[in-house]
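See below for start-v3.pdb, which holds PDB, C-alpha atoms.
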```pdb
ATOM      1  CA  MET A 967      83.951  37.447  57.441
ATOM      2  CA  ALA A 968      86.499  39.766  58.936
ATOM      3  CA  LYS A 969      85.297  42.578  56.704
ATOM      4  CA  LYS A 970      81.752  42.164  57.831
ATOM      5  CA  SER A 971      82.649  42.337  61.492
ATOM      6  CA  SER A 972      84.572  45.579  61.068
ATOM      7  CA  ARG A 973      81.642  47.106  59.271
ATOM      8  CA  ASP A 974      79.500  46.061  62.171
ATOM      9  CA  ARG A 975      81.782  47.865  64.535
ATOM     10  CA  MET A 976      81.558  51.051  62.503
ATOM     11  CA  LYS A 977      77.864  51.112  62.942
ATOM     12  CA  ASN A 978      78.362  51.404  66.671
ATOM     13  CA  GLU A 979      78.285  54.826  68.205
ATOM     14  CA  ILE A 980      81.367  56.442  69.683
ATOM     15  CA  ASN A 981      81.227  56.205  73.413
ATOM     16  CA  ALA A 982      80.669  59.718  74.692
ATOM     17  CA  GLY A 983      81.189  58.777  78.274
ATOM     18  CA  SER A 984      84.815  59.896  78.281
ATOM     19  CA  MET A 985      83.894  63.314  76.951
ATOM     20  CA  ALA A 986      83.405  64.560  80.486
ATOM     21  CA  ASP A 987      86.865  63.344  81.443
ATOM     22  CA  ILE A 988      88.489  65.130  78.542
ATOM     23  CA  ALA A 989      86.606  68.284  79.423
ATOM     24  CA  PHE A 990      87.663  67.913  83.050
ATOM     25  CA  LEU A 991      91.270  67.589  82.030
ATOM     26  CA  LEU A 992      91.124  70.780  79.994
ATOM     27  CA  LEU A 993      89.208  72.524  82.735
ATOM     28  CA  ILE A 994      91.818  71.655  85.331
ATOM     29  CA  PHE A 995      94.584  72.806  83.019
ATOM     30  CA  PHE A 996      92.966  76.203  82.606
ATOM     31  CA  LEU A 997      92.134  76.424  86.291
ATOM     32  CA  VAL A 998      95.786  75.963  87.133
ATOM     33  CA  THR A 999      97.180  78.351  84.535
ATOM     34  CA  THR A1000      94.623  81.085  85.124
ATOM     35  CA  THR A1001      95.779  84.136  86.940
ATOM     36  CA  ILE A1002      92.914  86.534  87.093
ATOM     37  CA  VAL A1003      95.181  89.526  87.211
ATOM     38  CA  GLU A1004      93.349  92.513  88.440
ATOM     39  CA  ASP A1005      95.245  95.447  87.160
ATOM     40  CA  LYS A1006      94.433  98.419  89.275
ATOM     41  CA  GLY A1007      96.205 101.654  89.731
ATOM     42  CA  ILE A1008      96.104 105.402  89.871
ATOM     43  CA  LEU A1009      95.042 106.748  86.500
ATOM     44  CA  VAL A1010      96.877 109.890  85.541
ATOM     45  CA  LYS A1011      96.690 112.177  82.564
ATOM     46  CA  LEU A1012     100.131 113.537  81.841
ATOM     47  CA  PRO A1013     100.434 117.033  80.412
ATOM     48  CA  PRO A1014     101.522 117.231  76.768
ATOM     49  CA  TRP A1015     105.186 117.843  76.228
ATOM     50  CA  SER A1016     106.322 121.362  75.550
ATOM     51  CA  ASP A1017     109.826 122.664  75.459
ATOM     52  CA  GLU A1018     108.988 125.864  77.263
ATOM     53  CA  GLU A1019     109.042 125.918  80.997
ATOM     54  CA  PRO A1020     105.613 126.647  82.429
ATOM     55  CA  ASP A1021     105.567 130.059  83.974
ATOM     56  CA  ILE A1022     104.483 129.497  87.516
ATOM     57  CA  ALA A1023     105.626 132.944  88.648
ATOM     58  CA  LYS A1024     102.474 134.510  87.199
ATOM     59  CA  LEU A1025     100.301 132.707  89.693
ATOM     60  CA  LYS A1026      99.441 134.200  92.997
ATOM     61  CA  THR A1027     101.261 132.405  95.769
ATOM     62  CA  ARG A1028      98.063 132.039  97.758
ATOM     63  CA  ASN A1029      96.648 129.792  95.046
ATOM     64  CA  VAL A1030      99.617 127.480  94.805
ATOM     65  CA  TYR A1031      99.866 124.478  97.078
ATOM     66  CA  SER A1032     103.446 123.433  96.673
ATOM     67  CA  VAL A1033     104.450 119.978  97.758
ATOM     68  CA  LEU A1034     108.102 119.037  97.755
ATOM     69  CA  VAL A1035     109.362 115.536  98.384
ATOM     70  CA  ASN A1036     113.089 115.285  98.900
ATOM     71  CA  ALA A1037     115.533 112.414  98.456
ATOM     72  CA  GLN A1038     115.092 111.504 102.136
ATOM     73  CA  ASN A1039     111.383 111.043 101.461
ATOM     74  CA  GLN A1040     110.455 114.017 103.621
ATOM     75  CA  LEU A1041     107.629 116.348 102.784
ATOM     76  CA  LEU A1042     107.692 120.102 102.597
ATOM     77  CA  VAL A1043     104.261 121.596 102.078
ATOM     78  CA  ARG A1044     104.096 125.347 101.473
ATOM     79  CA  GLY A1045     107.413 125.755 103.239
ATOM     80  CA  GLU A1046     106.510 123.692 106.275
ATOM     81  CA  PRO A1047     107.488 120.099 106.971
ATOM     82  CA  MET A1048     104.493 117.791 107.163
ATOM     83  CA  ASP A1049     103.640 114.162 107.770
ATOM     84  CA  ILE A1050     101.979 112.319 104.952
ATOM     85  CA  GLU A1051      99.032 111.399 107.206
ATOM     86  CA  ASN A1052      98.003 115.050 107.450
ATOM     87  CA  LEU A1053      98.449 115.842 103.784
ATOM     88  CA  ARG A1054      94.964 114.920 102.631
ATOM     89  CA  GLU A1055      93.094 116.990 105.219
ATOM     90  CA  ASN A1056      95.446 119.905 104.749
ATOM     91  CA  ALA A1057      95.051 119.836 100.974
ATOM     92  CA  LYS A1058      91.266 119.692 101.277
ATOM     93  CA  GLU A1059      91.263 122.674 103.587
ATOM     94  CA  PHE A1060      93.505 124.585 101.208
ATOM     95  CA  ILE A1061      91.381 123.862  98.146
ATOM     96  CA  MET A1062      88.008 124.679  99.682
ATOM     97  CA  ASN A1063      89.248 127.372 102.062
ATOM     98  CA  PRO A1064      86.129 127.234 104.266
ATOM     99  CA  GLY A1065      87.337 130.037 106.534
ATOM    100  CA  GLN A1066      88.097 132.340 103.560
ATOM    101  CA  LEU A1067      91.598 132.773 104.853
ATOM    102  CA  GLU A1068      94.014 135.121 103.162
ATOM    103  CA  ASN A1069      96.747 132.552 102.638
ATOM    104  CA  MET A1070      94.646 129.840 101.032
ATOM    105  CA  SER A1071      93.105 129.450  97.596
ATOM    106  CA  GLU A1072      90.697 132.123  96.378
ATOM    107  CA  SER A1073      88.340 129.455  95.111
ATOM    108  CA  PRO A1074      88.591 125.750  94.287
ATOM    109  CA  LYS A1075      88.760 126.679  90.608
ATOM    110  CA  LYS A1076      91.925 128.641  91.132
ATOM    111  CA  ALA A1077      93.703 126.200  93.401
ATOM    112  CA  ILE A1078      96.776 124.647  91.870
ATOM    113  CA  ILE A1079      98.800 121.867  93.340
ATOM    114  CA  SER A1080     102.428 121.883  92.438
ATOM    115  CA  LEU A1081     104.305 118.672  93.061
ATOM    116  CA  LYS A1082     108.047 118.486  92.908
ATOM    117  CA  ASN A1083     110.383 115.686  93.835
ATOM    118  CA  ASP A1084     114.052 114.767  93.708
ATOM    119  CA  ARG A1085     115.394 112.120  91.403
ATOM    120  CA  GLY A1086     116.367 110.228  94.532
ATOM    121  CA  THR A1087     112.837 110.173  95.975
ATOM    122  CA  ASN A1088     111.454 106.698  96.513
ATOM    123  CA  TYR A1089     108.712 105.812  94.074
ATOM    124  CA  LYS A1090     106.697 104.440  96.970
ATOM    125  CA  THR A1091     106.706 107.809  98.724
ATOM    126  CA  TYR A1092     105.944 109.664  95.524
ATOM    127  CA  LEU A1093     102.962 107.465  94.830
ATOM    128  CA  ALA A1094     101.743 107.764  98.411
ATOM    129  CA  VAL A1095     101.842 111.558  98.113
ATOM    130  CA  TYR A1096     100.086 111.445  94.756
ATOM    131  CA  ASN A1097      97.526 109.110  96.247
ATOM    132  CA  GLU A1098      96.775 111.520  99.080
ATOM    133  CA  LEU A1099      96.407 114.485  96.728
ATOM    134  CA  LYS A1100      94.091 112.533  94.463
ATOM    135  CA  GLY A1101      92.269 111.302  97.548
ATOM    136  CA  ALA A1102      91.699 114.887  98.661
ATOM    137  CA  TYR A1103      90.053 115.695  95.330
ATOM    138  CA  ASP A1104      88.091 112.456  95.297
ATOM    139  CA  GLU A1105      86.686 113.280  98.728
ATOM    140  CA  LEU A1106      85.807 116.834  97.715
ATOM    141  CA  TRP A1107      84.056 115.600  94.588
ATOM    142  CA  ASP A1108      82.209 113.079  96.645
ATOM    143  CA  GLU A1109      81.079 115.698  99.167
ATOM    144  CA  LEU A1110      79.903 118.040  96.431
ATOM    145  CA  CYS A1111      78.137 115.222  94.648
ATOM    146  CA  GLN A1112      76.357 114.186  97.829
ATOM    147  CA  ARG A1113      75.221 117.745  98.422
ATOM    148  CA  ARG A1114      74.111 118.363  94.869
ATOM    149  CA  TYR A1115      72.713 115.055  93.684
ATOM    150  CA  GLY A1116      72.471 112.984  96.834
ATOM    151  CA  VAL A1117      74.586 110.184  95.434
ATOM    152  CA  ALA A1118      78.174 109.168  95.888
ATOM    153  CA  TYR A1119      80.676 110.233  93.261
ATOM    154  CA  SER A1120      81.712 107.396  91.034
ATOM    155  CA  GLU A1121      82.745 106.679  87.482
ATOM    156  CA  GLU A1122      79.291 105.267  86.779
ATOM    157  CA  LEU A1123      77.689 108.664  87.235
ATOM    158  CA  PRO A1124      76.332 110.349  84.096
ATOM    159  CA  VAL A1125      79.009 112.299  82.255
ATOM    160  CA  ALA A1126      77.077 115.558  82.597
ATOM    161  CA  TYR A1127      77.042 115.259  86.393
ATOM    162  CA  ARG A1128      80.708 114.496  86.516
ATOM    163  CA  ARG A1129      81.515 117.362  84.232
ATOM    164  CA  THR A1130      79.696 119.946  86.333
ATOM    165  CA  ILE A1131      81.432 118.690  89.432
ATOM    166  CA  LYS A1132      84.842 118.740  87.822
ATOM    167  CA  GLU A1133      84.113 122.211  86.522
ATOM    168  CA  ASP A1134      83.505 123.479  90.023
ATOM    169  CA  ILE A1135      86.455 121.674  91.559
ATOM    170  CA  PRO A1136      88.954 120.996  88.802
ATOM    171  CA  MET A1137      91.981 118.963  89.679
ATOM    172  CA  ILE A1138      94.981 120.942  88.548
ATOM    173  CA  LEU A1139      98.188 119.221  89.460
ATOM    174  CA  SER A1140     101.367 120.441  87.939
ATOM    175  CA  GLU A1141     104.535 118.460  88.234
ATOM    176  CA  ALA A1142     107.814 120.280  87.980
ATOM    177  CA  GLU A1143     111.009 118.782  86.632
ATOM    178  CA  PRO A1144     112.698 117.013  89.521
ATOM    179  CA  THR A1145     115.932 118.209  90.988
ATOM    180  CA  ASN A1146     119.005 116.026  90.623
ATOM    181  CA  PHE A1147     119.533 114.868  94.158
ATOM    182  CA  GLY A1148     120.304 111.477  95.528
ATOM    183  CA  GLU A1149     120.006 109.408  92.392
ATOM    184  CA  GLU A1150     121.823 106.132  92.647
TER
ATOM    185  CA  MET B 864      47.680  58.005 100.853
ATOM    186  CA  ALA B 865      47.109  56.789  97.394
ATOM    187  CA  LYS B 866      48.334  60.088  96.002
ATOM    188  CA  PHE B 867      51.625  59.877  97.868
ATOM    189  CA  SER B 868      52.455  56.415  96.735
ATOM    190  CA  LYS B 869      51.656  57.315  93.167
ATOM    191  CA  LYS B 870      54.099  60.227  93.137
ATOM    192  CA  ARG B 871      56.877  58.171  94.597
ATOM    193  CA  GLY B 872      56.302  55.517  92.053
ATOM    194  CA  SER B 873      56.596  57.785  89.049
ATOM    195  CA  ALA B 874      59.936  59.406  90.044
ATOM    196  CA  SER B 875      62.867  57.784  88.330
ATOM    197  CA  PRO B 876      65.635  56.868  90.746
ATOM    198  CA  GLU B 877      68.648  58.011  88.721
ATOM    199  CA  VAL B 878      69.839  61.499  87.819
ATOM    200  CA  SER B 879      70.830  61.682  84.222
ATOM    201  CA  THR B 880      74.513  62.462  83.753
ATOM    202  CA  ALA B 881      74.191  63.104  80.068
ATOM    203  CA  SER B 882      74.415  66.871  80.538
ATOM    204  CA  LEU B 883      77.528  66.670  82.703
ATOM    205  CA  PRO B 884      79.916  67.225  79.764
ATOM    206  CA  ASP B 885      77.940  70.290  78.792
ATOM    207  CA  ILE B 886      78.258  71.761  82.245
ATOM    208  CA  ILE B 887      81.969  71.063  82.318
ATOM    209  CA  PHE B 888      82.407  72.546  78.857
ATOM    210  CA  MET B 889      80.615  75.648  79.984
ATOM    211  CA  LEU B 890      83.024  76.047  82.888
ATOM    212  CA  LEU B 891      85.890  75.295  80.562
ATOM    213  CA  PHE B 892      84.899  77.999  78.133
ATOM    214  CA  PHE B 893      84.500  80.458  80.965
ATOM    215  CA  PHE B 894      88.036  79.849  82.161
ATOM    216  CA  MET B 895      89.398  79.866  78.634
ATOM    217  CA  VAL B 896      87.935  83.287  78.102
ATOM    218  CA  VAL B 897      89.099  84.851  81.353
ATOM    219  CA  THR B 898      92.567  83.333  81.205
ATOM    220  CA  VAL B 899      95.337  85.730  80.397
ATOM    221  CA  LEU B 900      98.373  83.790  79.428
ATOM    222  CA  ARG B 901     101.184  85.969  80.595
ATOM    223  CA  ASP B 902     103.315  86.615  77.567
ATOM    224  CA  SER B 903     106.256  88.367  79.111
ATOM    225  CA  GLU B 904     108.435  86.877  81.760
ATOM    226  CA  LEU B 905     109.475  89.402  84.346
ATOM    227  CA  LYS B 906     113.191  90.069  84.383
ATOM    228  CA  VAL B 907     112.943  92.818  86.971
ATOM    229  CA  LYS B 908     111.584  92.550  90.455
ATOM    230  CA  VAL B 909     108.332  94.479  90.648
ATOM    231  CA  SER B 910     106.433  94.837  93.863
ATOM    232  CA  THR B 911     103.955  97.634  93.352
ATOM    233  CA  PRO B 912     103.225  99.950  96.269
ATOM    234  CA  TYR B 913      99.917 100.282  98.084
ATOM    235  CA  ALA B 914      97.380 102.995  97.370
ATOM    236  CA  THR B 915      93.712 103.737  97.969
ATOM    237  CA  GLN B 916      92.420 105.851  95.074
ATOM    238  CA  LEU B 917      92.462 103.083  92.496
ATOM    239  CA  THR B 918      90.882 102.803  89.086
ATOM    240  CA  LYS B 919      90.422  99.491  87.374
ATOM    241  CA  LEU B 920      91.787  99.022  83.893
ATOM    242  CA  GLU B 921      89.083  97.645  81.670
ATOM    243  CA  GLU B 922      90.168  96.522  78.253
ATOM    244  CA  LYS B 923      93.329  94.487  78.364
ATOM    245  CA  SER B 924      94.028  94.940  74.661
ATOM    246  CA  LEU B 925      94.291  98.704  75.129
ATOM    247  CA  VAL B 926      96.968  98.483  77.786
ATOM    248  CA  ASN B 927     100.687  98.298  77.306
ATOM    249  CA  TYR B 928     102.932  97.468  80.198
ATOM    250  CA  LEU B 929     106.183  99.082  81.193
ATOM    251  CA  TYR B 930     108.053  97.434  84.021
ATOM    252  CA  ILE B 931     110.621  99.244  86.109
ATOM    253  CA  GLY B 932     112.594  97.575  88.848
ATOM    254  CA  ARG B 933     115.877  96.047  89.828
ATOM    255  CA  PRO B 934     116.963  93.029  87.762
ATOM    256  CA  THR B 935     116.219  89.733  89.439
ATOM    257  CA  GLN B 936     119.015  87.594  90.913
ATOM    258  CA  LYS B 937     119.498  85.717  87.648
ATOM    259  CA  PHE B 938     120.218  88.831  85.610
ATOM    260  CA  GLN B 939     122.188  90.779  88.202
ATOM    261  CA  ALA B 940     125.545  89.432  86.973
ATOM    262  CA  VAL B 941     124.945  90.917  83.529
ATOM    263  CA  TYR B 942     122.730  93.914  84.180
ATOM    264  CA  GLY B 943     123.773  94.970  87.674
ATOM    265  CA  THR B 944     121.451  96.087  90.430
ATOM    266  CA  LYS B 945     120.477  99.517  89.197
ATOM    267  CA  PRO B 946     116.778  99.902  88.341
ATOM    268  CA  ARG B 947     116.080  99.013  84.733
ATOM    269  CA  LEU B 948     113.198  99.311  82.326
ATOM    270  CA  GLN B 949     111.659  96.223  80.778
ATOM    271  CA  LEU B 950     109.518  96.444  77.669
ATOM    272  CA  GLY B 951     107.799  93.282  76.534
ATOM    273  CA  ASP B 952     110.129  90.489  77.545
ATOM    274  CA  LYS B 953     113.465  92.221  77.369
ATOM    275  CA  PHE B 954     115.448  94.973  78.992
ATOM    276  CA  ALA B 955     115.263  98.230  77.138
ATOM    277  CA  SER B 956     116.474 101.770  77.292
ATOM    278  CA  VAL B 957     114.201 104.764  77.594
ATOM    279  CA  ALA B 958     114.879 105.643  73.957
ATOM    280  CA  GLU B 959     113.140 102.455  72.805
ATOM    281  CA  ILE B 960     109.777 103.466  74.286
ATOM    282  CA  PRO B 961     108.371 105.246  71.179
ATOM    283  CA  LEU B 962     108.924 102.159  69.032
ATOM    284  CA  PHE B 963     107.391  99.929  71.669
ATOM    285  CA  LEU B 964     104.306 102.161  71.869
ATOM    286  CA  GLU B 965     104.021 102.247  68.096
ATOM    287  CA  LYS B 966     104.194  98.457  67.859
ATOM    288  CA  HIS B 967     101.339  98.167  70.302
ATOM    289  CA  LYS B 968      99.360 100.923  68.636
ATOM    290  CA  ILE B 969      99.176  99.292  65.192
ATOM    291  CA  LYS B 970      97.460  96.272  66.712
ATOM    292  CA  VAL B 971      94.639  98.427  68.087
ATOM    293  CA  PRO B 972      91.731  99.558  65.894
ATOM    294  CA  GLU B 973      91.965 103.211  65.067
ATOM    295  CA  ALA B 974      88.776 104.210  66.867
ATOM    296  CA  LYS B 975      90.074 102.870  70.144
ATOM    297  CA  ARG B 976      93.545 104.394  69.941
ATOM    298  CA  PRO B 977      92.833 107.465  72.091
ATOM    299  CA  ARG B 978      91.975 105.128  74.941
ATOM    300  CA  ILE B 979      95.307 103.334  74.989
ATOM    301  CA  THR B 980      96.725 103.349  78.496
ATOM    302  CA  SER B 981     100.271 102.731  79.578
ATOM    303  CA  SER B 982     100.464 100.784  82.776
ATOM    304  CA  LEU B 983     103.585 101.636  84.717
ATOM    305  CA  ARG B 984     104.371  98.699  86.924
ATOM    306  CA  VAL B 985     107.073 100.148  89.089
ATOM    307  CA  ASP B 986     108.739  98.654  92.118
ATOM    308  CA  GLY B 987     108.172 100.656  95.279
ATOM    309  CA  GLU B 988     111.846 100.809  96.187
ATOM    310  CA  VAL B 989     112.955 102.371  92.918
ATOM    311  CA  THR B 990     114.032 106.000  92.928
ATOM    312  CA  MET B 991     112.147 108.559  90.867
ATOM    313  CA  GLY B 992     115.000 109.257  88.432
ATOM    314  CA  ILE B 993     114.246 106.481  85.969
ATOM    315  CA  VAL B 994     110.502 106.877  86.461
ATOM    316  CA  GLN B 995     110.827 110.523  85.558
ATOM    317  CA  ASP B 996     112.809 109.693  82.415
ATOM    318  CA  VAL B 997     110.149 107.230  81.353
ATOM    319  CA  LYS B 998     107.390 109.749  82.045
ATOM    320  CA  THR B 999     109.163 112.405  80.019
ATOM    321  CA  GLN B1000     109.601 109.979  77.134
ATOM    322  CA  LEU B1001     105.917 109.036  77.305
ATOM    323  CA  ARG B1002     104.941 112.685  77.181
ATOM    324  CA  LYS B1003     107.219 113.282  74.213
ATOM    325  CA  SER B1004     105.646 110.334  72.396
ATOM    326  CA  GLY B1005     102.148 111.625  73.054
ATOM    327  CA  GLN B1006     101.146 108.752  75.295
ATOM    328  CA  LEU B1007      99.457 110.714  78.054
ATOM    329  CA  ARG B1008      97.101 108.208  79.638
ATOM    330  CA  VAL B1009      99.179 106.567  82.300
ATOM    331  CA  ASN B1010      98.238 104.242  85.081
ATOM    332  CA  TYR B1011     100.523 103.890  88.076
ATOM    333  CA  SER B1012      99.910 100.303  88.975
ATOM    334  CA  ALA B1013      99.241  99.794  92.674
ATOM    335  CA  LYS B1014      97.718  97.326  95.077
ATOM    336  CA  LYS B1015      94.717  98.026  97.247
ATOM    337  CA  ARG B1016      95.827  99.003 100.700
ATOM    338  CA  PRO B1017      94.397  96.572 103.237
ATOM    339  CA  ASP B1018      92.483  98.367 105.964
TER
END
```
Would you put the structure from the file into structure tokens?
Amino acid sequence: MAKKSSRDRMKNEINAGSMADIAFLLLIFFLVTTTIVEDKGILVKLPPWSDEEPDIAKLKTRNVYSVLVNAQNQLLVRGEPMDIENLRENAKEFIMNPGQLENMSESPKKAIISLKNDRGTNYKTYLAVYNELKGAYDELWDELCQRRYGVAYSEELPVAYRRTIKEDIPMILSEAEPTNFGEE
Amino acid sequence: MAKFSKKRGSASPEVSTASLPDIIFMLLFFFMVVTVLRDSELKVKVSTPYATQLTKLEEKSLVNYLYIGRPTQKFQAVYGTKPRLQLGDKFASVAEIPLFLEKHKIKVPEAKRPRITSSLRVDGEVTMGIVQDVKTQLRKSGQLRVNYSAKKRPD
């Protein structure tokens, strides 16, 4: 008798009504633990390591845009103090040299930005400066791209387009070894 | 008139809830896929600075993280307040970077190895000294794709 009843029970279907609850429970767990971390940042290609010091003396001074950031987080651009707000415009003017001035770059292809900092420079300031310099190039690429192809410059652009633009305005940024000032 | 009443009559009054579990499972799978369970606990305080010219990092498996910042309150008694480097879930010296990179590299298929990026998550208040040492070590180890992690500057 008892056997028969248990076999009867086995014939019954499993109640799937609680499936939704189980799924909800898991869903809520993952909702809570999820952190959709958006990792964004400034992508940089470091130069390969070489033991020889790069010879910057060979370059013409008119083509070098030297930016120094000291341990007090102050900027010295081509020998003149400057605020970080003006850096982007100034760098753009230097690279393109629209007035064909004697003391600015011969052509965008020859322009070189030289960045040097102290070991005591704040990382925040360094990154802000780097951001402005990259911003200057990004804006120039965008302007050229608008003129040439009528579209905004972006990473989605065909590689061939991007290559021609970067050929005309290459971003050459050289970073010198920092000087040992103000490290804690 | 007759048409209207006919239509109303044929519509069943209840919505079937049989597909509810499926919908929930779909959501569940979505969140399971996008979830990144953070594997390393931060032992240094990292508050990345703001910037505007940002690039998004695509493939998570191709990124290794290097944290630089001051040790958090808990670890200050042992490690002091000077900026330190954290690799994985422990404090490390700059000399340990090549091994750390190599350990990450062997997990990546060979074809994708040139696209490995090092994400430098550096606190804004840190001085450049240690950052420079890390950069030099990265260059010496041939890891040249570097991403300075930053937050989008609010306008």
When the PyMOL selection byres ((chain A) within 7 of (chain B)) is applied to the file above, which residues end up in the set, as a short mmCIF file (atom, residue, chain, number, x, y, z; two decimals) with C-alpha atoms, keeping the file's coordinate frame?
```
data_model
loop_
_atom_site.label_atom_id
_atom_site.label_comp_id
_atom_site.auth_asym_id
_atom_site.auth_seq_id
_atom_site.Cartn_x
_atom_site.Cartn_y
_atom_site.Cartn_z
CA MET A 985 83.89 63.31 76.95
CA ALA A 986 83.40 64.56 80.49
CA ALA A 989 86.61 68.28 79.42
CA PHE A 990 87.66 67.91 83.05
CA LEU A 992 91.12 70.78 79.99
CA LEU A 993 89.21 72.52 82.74
CA PHE A 996 92.97 76.20 82.61
CA LEU A 997 92.13 76.42 86.29
CA THR A 1000 94.62 81.08 85.12
CA THR A 1001 95.78 84.14 86.94
CA ILE A 1002 92.91 86.53 87.09
CA ASP A 1005 95.24 95.45 87.16
CA LYS A 1006 94.43 98.42 89.28
CA GLY A 1007 96.20 101.65 89.73
CA ILE A 1008 96.10 105.40 89.87
CA LEU A 1009 95.04 106.75 86.50
CA VAL A 1010 96.88 109.89 85.54
CA LYS A 1011 96.69 112.18 82.56
CA LEU A 1012 100.13 113.54 81.84
CA PRO A 1013 100.43 117.03 80.41
CA PRO A 1014 101.52 117.23 76.77
CA TRP A 1015 105.19 117.84 76.23
CA ARG A 1085 115.39 112.12 91.40
CA GLY A 1086 116.37 110.23 94.53
CA THR A 1087 112.84 110.17 95.98
CA ASN A 1088 111.45 106.70 96.51
CA TYR A 1089 108.71 105.81 94.07
CA LYS A 1090 106.70 104.44 96.97
CA ALA A 1094 101.74 107.76 98.41
CA ASN A 1097 97.53 109.11 96.25
CA LYS A 1100 94.09 112.53 94.46
CA GLY A 1101 92.27 111.30 97.55
CA GLU A 1149 120.01 109.41 92.39
#
```
task = Choose the residue, out of A:Cys1111, A:Ala1037, A:Leu1099, A:Leu1123, that has the smallest atom-to-atom separation from Asn1083 (chain A); count all atoms listed in the file.
result =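 Using all atoms listed in the file, Asn1083 (chain A) sits closest to A:Ala1037.
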Please write as a PDB file with C-alpha atoms, keeping the file's coordinate frame the full residue list that the PyMOL selection byres ((chain B and resi 959) around 12) yields on this file.
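Result written to part_22.pdb:
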```pdb
ATOM      1  CA  LEU B 929     106.183  99.082  81.193  1.00  0.00           C
ATOM      2  CA  LEU B 948     113.198  99.311  82.326  1.00  0.00           C
ATOM      3  CA  GLN B 949     111.659  96.223  80.778  1.00  0.00           C
ATOM      4  CA  LEU B 950     109.518  96.444  77.669  1.00  0.00           C
ATOM      5  CA  GLY B 951     107.799  93.282  76.534  1.00  0.00           C
ATOM      6  CA  LYS B 953     113.465  92.221  77.369  1.00  0.00           C
ATOM      7  CA  PHE B 954     115.448  94.973  78.992  1.00  0.00           C
ATOM      8  CA  ALA B 955     115.263  98.230  77.138  1.00  0.00           C
ATOM      9  CA  SER B 956     116.474 101.770  77.292  1.00  0.00           C
ATOM     10  CA  VAL B 957     114.201 104.764  77.594  1.00  0.00           C
ATOM     11  CA  ALA B 958     114.879 105.643  73.957  1.00  0.00           C
ATOM     12  CA  ILE B 960     109.777 103.466  74.286  1.00  0.00           C
ATOM     13  CA  PRO B 961     108.371 105.246  71.179  1.00  0.00           C
ATOM     14  CA  LEU B 962     108.924 102.159  69.032  1.00  0.00           C
ATOM     15  CA  PHE B 963     107.391  99.929  71.669  1.00  0.00           C
ATOM     16  CA  LEU B 964     104.306 102.161  71.869  1.00  0.00           C
ATOM     17  CA  GLU B 965     104.021 102.247  68.096  1.00  0.00           C
ATOM     18  CA  LYS B 966     104.194  98.457  67.859  1.00  0.00           C
ATOM     19  CA  VAL B 997     110.149 107.230  81.353  1.00  0.00           C
ATOM     20  CA  GLN B1000     109.601 109.979  77.134  1.00  0.00           C
ATOM     21  CA  LEU B1001     105.917 109.036  77.305  1.00  0.00           C
ATOM     22  CA  SER B1004     105.646 110.334  72.396  1.00  0.00           C
TER      23      SER B1004
END
```
key: Computed interatomic separation between CA of Asp1018 (chain B) and CA of Ile1079 (chain A) (Å)   = 27.4 Å
Selection result for the PyMOL selection byres ((chain A and resi 1032) around 7) on this file, as an mmCIF file with C-alpha atoms, in the coordinates of the input:
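Generated output (part.cif):
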```
data_model
loop_
_atom_site.group_PDB
_atom_site.id
_atom_site.type_symbol
_atom_site.label_atom_id
_atom_site.label_comp_id
_atom_site.auth_asym_id
_atom_site.auth_seq_id
_atom_site.Cartn_x
_atom_site.Cartn_y
_atom_site.Cartn_z
ATOM 1 C CA VAL A 1030 99.617 127.480 94.805
ATOM 2 C CA TYR A 1031 99.866 124.478 97.078
ATOM 3 C CA VAL A 1033 104.450 119.978 97.758
ATOM 4 C CA LEU A 1034 108.102 119.037 97.755
ATOM 5 C CA VAL A 1043 104.261 121.596 102.078
ATOM 6 C CA ARG A 1044 104.096 125.347 101.473
ATOM 7 C CA ILE A 1079 98.800 121.867 93.340
ATOM 8 C CA SER A 1080 102.428 121.883 92.438
ATOM 9 C CA LEU A 1081 104.305 118.672 93.061
#
```
inquiry  = To one decimal place in Å, what is the distance between CA of Leu1093 (chain A) and CA of Leu1053 (chain A)?
reply    =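 CA of Leu1053 (chain A) lies 13.1 Å from CA of Leu1093 (chain A).
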query = Could you state the separation of CA of Val926 (chain B) and CA of Tyr1092 (chain A) in Å, given to one decimal place?
reply = 22.8 Å
